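Trainee: Here it is: the structure, laid out below.
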Amino acid sequence: MRDLDSIRRFVYREPRMAGGFHVDFVPEGSPFRGLCRDLSEAGVRAEFDDPIIVGGSGLLILRPPTGVLELRAQVAYIEKRQVGLFFLFETPWQRRMTNEFIAAIASHTGMAPIVRF
């Protein structure tokens with residue numbers, strides 16, 4: 001094997017902040033309850049006990065202490081019990097409201113909000 005074969009390809013990831021709140025993912029069929037580990041303007045990483053399928057999409061419900069946000073999301077990857085879900089924004093307004101919701105979570109927990117330069 002060449003040395004270059006073991007190097008992972010660079011993929012930009014949005015800045016993330018810690019989660020620690022419940023989420024529900026509702027694809028076609030029954031809902032899955034999980035725990036958000038971290039989130040960004042692009043999506044969340046959550047732990048689920050039940051099997052979820054990569055590529056599946058559905059309604060994602062975020063339940064931090066500051067309120068509830070419902071939006072569509074798709075499963076990007078699964079590593080052990082941790083699932084990466086990226087948001088499927090339908091409008092620019094929905095993206096803007098999600099960013100404001102994340103900023104409210106950050107200010108409630110005392111964490112620095114996600115800032116873009």
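By order of appearance in the structure tokens: chains A, B, ..., then residues from 1 within every chain, and ligands from 1 in the order shown.
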Fewer than 6 positions away in the same chain doesn't count, so skip those; otherwise give me all residues within 9 Å of range 78-82 of chain A, counting only C-alpha atoms, as an mmCIF file with N, CA, C and O atoms, in the first residue's frame.

Mentor:
data_model
loop_
_atom_site.group_PDB
_atom_site.id
_atom_site.type_symbol
_atom_site.label_atom_id
_atom_site.label_comp_id
_atom_site.auth_asym_id
_atom_site.auth_seq_id
_atom_site.Cartn_x
_atom_site.Cartn_y
_atom_site.Cartn_z
ATOM 1 N N ARG A 37 -25.381 14.960 20.259
ATOM 2 C CA ARG A 37 -24.032 15.119 20.795
ATOM 3 C C ARG A 37 -23.431 16.459 20.406
ATOM 4 O O ARG A 37 -22.773 17.100 21.191
ATOM 5 N N ARG A 45 -25.033 15.574 15.060
ATOM 6 C CA ARG A 45 -24.521 14.231 15.315
ATOM 7 C C ARG A 45 -25.236 13.767 16.565
ATOM 8 O O ARG A 45 -25.213 14.440 17.592
ATOM 9 N N ALA A 46 -25.941 12.637 16.459
ATOM 10 C CA ALA A 46 -26.742 12.146 17.577
ATOM 11 C C ALA A 46 -26.519 10.657 17.770
ATOM 12 O O ALA A 46 -26.089 9.960 16.855
ATOM 13 N N GLU A 47 -26.802 10.185 18.983
ATOM 14 C CA GLU A 47 -26.715 8.764 19.300
ATOM 15 C C GLU A 47 -28.113 8.173 19.339
ATOM 16 O O GLU A 47 -29.003 8.736 19.972
ATOM 17 N N PHE A 48 -28.276 7.051 18.648
ATOM 18 C CA PHE A 48 -29.539 6.322 18.623
ATOM 19 C C PHE A 48 -29.253 4.862 18.955
ATOM 20 O O PHE A 48 -28.246 4.310 18.524
ATOM 21 N N ASP A 49 -30.147 4.233 19.706
ATOM 22 C CA ASP A 49 -30.014 2.811 20.011
ATOM 23 C C ASP A 49 -30.552 1.941 18.881
ATOM 24 O O ASP A 49 -30.081 0.839 18.665
ATOM 25 N N ASP A 50 -31.539 2.449 18.174
ATOM 26 C CA ASP A 50 -32.184 1.678 17.120
ATOM 27 C C ASP A 50 -31.450 1.829 15.798
ATOM 28 O O ASP A 50 -30.818 2.856 15.545
ATOM 29 N N PRO A 51 -31.553 0.831 14.920
ATOM 30 C CA PRO A 51 -30.874 0.915 13.617
ATOM 31 C C PRO A 51 -31.521 1.936 12.694
ATOM 32 O O PRO A 51 -32.741 1.977 12.554
ATOM 33 N N ILE A 52 -30.691 2.763 12.102
ATOM 34 C CA ILE A 52 -31.130 3.778 11.145
ATOM 35 C C ILE A 52 -30.363 3.532 9.855
ATOM 36 O O ILE A 52 -29.215 3.090 9.883
ATOM 37 N N ILE A 53 -30.958 3.849 8.719
ATOM 38 C CA ILE A 53 -30.359 3.552 7.422
ATOM 39 C C ILE A 53 -29.705 4.789 6.828
ATOM 40 O O ILE A 53 -30.316 5.859 6.770
ATOM 41 N N VAL A 54 -28.443 4.639 6.363
ATOM 42 C CA VAL A 54 -27.748 5.730 5.685
ATOM 43 C C VAL A 54 -28.525 6.095 4.426
ATOM 44 O O VAL A 54 -28.960 5.228 3.678
#

Trainee: List the neighbours of Arg72 in chain A out to 10 Å using only C-alpha atoms; skip same-chain residues closer than 5 positions along the sequence, and give me the result as a count of residues only.

Mentor: 14

Trainee: Nearest residue to Gly19 in chain A out of A:Asp38, A:Arg96, A:Ser107, A:Thr91, using only C-alpha atoms?

Mentor: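 With only C-alpha atoms as the atom set, the closest residue is A:Asp38.
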
Trainee: Mind checking which residues fall within 12 Å of Glu100 in chain A, counting only C-alpha atoms, ignoring those fewer than 3 positions away in the same chain, and posting them as a ChimeraX atom specification?

Mentor: /A:40-41,66-67,69,93-97,103-107,113-115

Trainee: Okay, now the selection with N, CA and C atoms, as an mmCIF file, in the first residue's frame?

Mentor:
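Result went into again_0.cif, see below:
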data_model
loop_
_atom_site.group_PDB
_atom_site.id
_atom_site.type_symbol
_atom_site.label_atom_id
_atom_site.label_comp_id
_atom_site.auth_asym_id
_atom_site.auth_seq_id
_atom_site.Cartn_x
_atom_site.Cartn_y
_atom_site.Cartn_z
ATOM 1 N N SER A 40 -24.332 21.849 14.223
ATOM 2 C CA SER A 40 -23.760 22.944 13.450
ATOM 3 C C SER A 40 -24.868 23.516 12.575
ATOM 4 N N GLU A 41 -24.519 24.494 11.778
ATOM 5 C CA GLU A 41 -25.491 25.073 10.852
ATOM 6 C C GLU A 41 -25.858 24.088 9.741
ATOM 7 N N THR A 66 -34.451 25.368 25.159
ATOM 8 C CA THR A 66 -34.916 26.664 24.653
ATOM 9 C C THR A 66 -36.156 26.571 23.782
ATOM 10 N N GLY A 67 -36.567 25.387 23.366
ATOM 11 C CA GLY A 67 -37.727 25.251 22.496
ATOM 12 C C GLY A 67 -37.646 24.005 21.645
ATOM 13 N N LEU A 69 -37.534 22.587 17.475
ATOM 14 C CA LEU A 69 -37.391 22.892 16.051
ATOM 15 C C LEU A 69 -37.630 21.610 15.267
ATOM 16 N N TRP A 93 -35.463 31.152 4.271
ATOM 17 C CA TRP A 93 -36.037 31.528 5.568
ATOM 18 C C TRP A 93 -35.845 30.412 6.582
ATOM 19 N N GLN A 94 -36.043 29.161 6.165
ATOM 20 C CA GLN A 94 -35.883 28.022 7.066
ATOM 21 C C GLN A 94 -34.423 27.907 7.542
ATOM 22 N N ARG A 95 -33.484 28.141 6.646
ATOM 23 C CA ARG A 95 -32.064 28.128 7.025
ATOM 24 C C ARG A 95 -31.772 29.228 8.042
ATOM 25 N N ARG A 96 -32.293 30.418 7.793
ATOM 26 C CA ARG A 96 -32.064 31.555 8.689
ATOM 27 C C ARG A 96 -32.663 31.288 10.078
ATOM 28 N N MET A 97 -33.876 30.752 10.133
ATOM 29 C CA MET A 97 -34.527 30.456 11.409
ATOM 30 C C MET A 97 -33.776 29.358 12.169
ATOM 31 N N ALA A 103 -28.246 29.686 17.572
ATOM 32 C CA ALA A 103 -27.667 30.785 18.353
ATOM 33 C C ALA A 103 -28.356 30.904 19.712
ATOM 34 N N ALA A 104 -29.668 30.685 19.757
ATOM 35 C CA ALA A 104 -30.403 30.737 21.020
ATOM 36 C C ALA A 104 -29.973 29.604 21.948
ATOM 37 N N ILE A 105 -29.712 28.430 21.392
ATOM 38 C CA ILE A 105 -29.214 27.308 22.203
ATOM 39 C C ILE A 105 -27.860 27.687 22.800
ATOM 40 N N ALA A 106 -26.999 28.273 21.975
ATOM 41 C CA ALA A 106 -25.661 28.652 22.437
ATOM 42 C C ALA A 106 -25.738 29.676 23.561
ATOM 43 N N SER A 107 -26.599 30.684 23.427
ATOM 44 C CA SER A 107 -26.677 31.714 24.467
ATOM 45 C C SER A 107 -27.299 31.153 25.741
ATOM 46 N N PRO A 113 -21.607 31.267 20.387
ATOM 47 C CA PRO A 113 -22.382 30.887 19.217
ATOM 48 C C PRO A 113 -21.456 30.556 18.058
ATOM 49 N N ILE A 114 -21.991 29.851 17.077
ATOM 50 C CA ILE A 114 -21.226 29.529 15.880
ATOM 51 C C ILE A 114 -21.060 30.806 15.083
ATOM 52 N N VAL A 115 -19.838 31.154 14.784
ATOM 53 C CA VAL A 115 -19.558 32.395 14.059
ATOM 54 C C VAL A 115 -18.850 32.070 12.768
#

Trainee: What is the CA of Phe21 in chain A to CA of Gly55 in chain A distance in Å?

Mentor: 23.4 Å
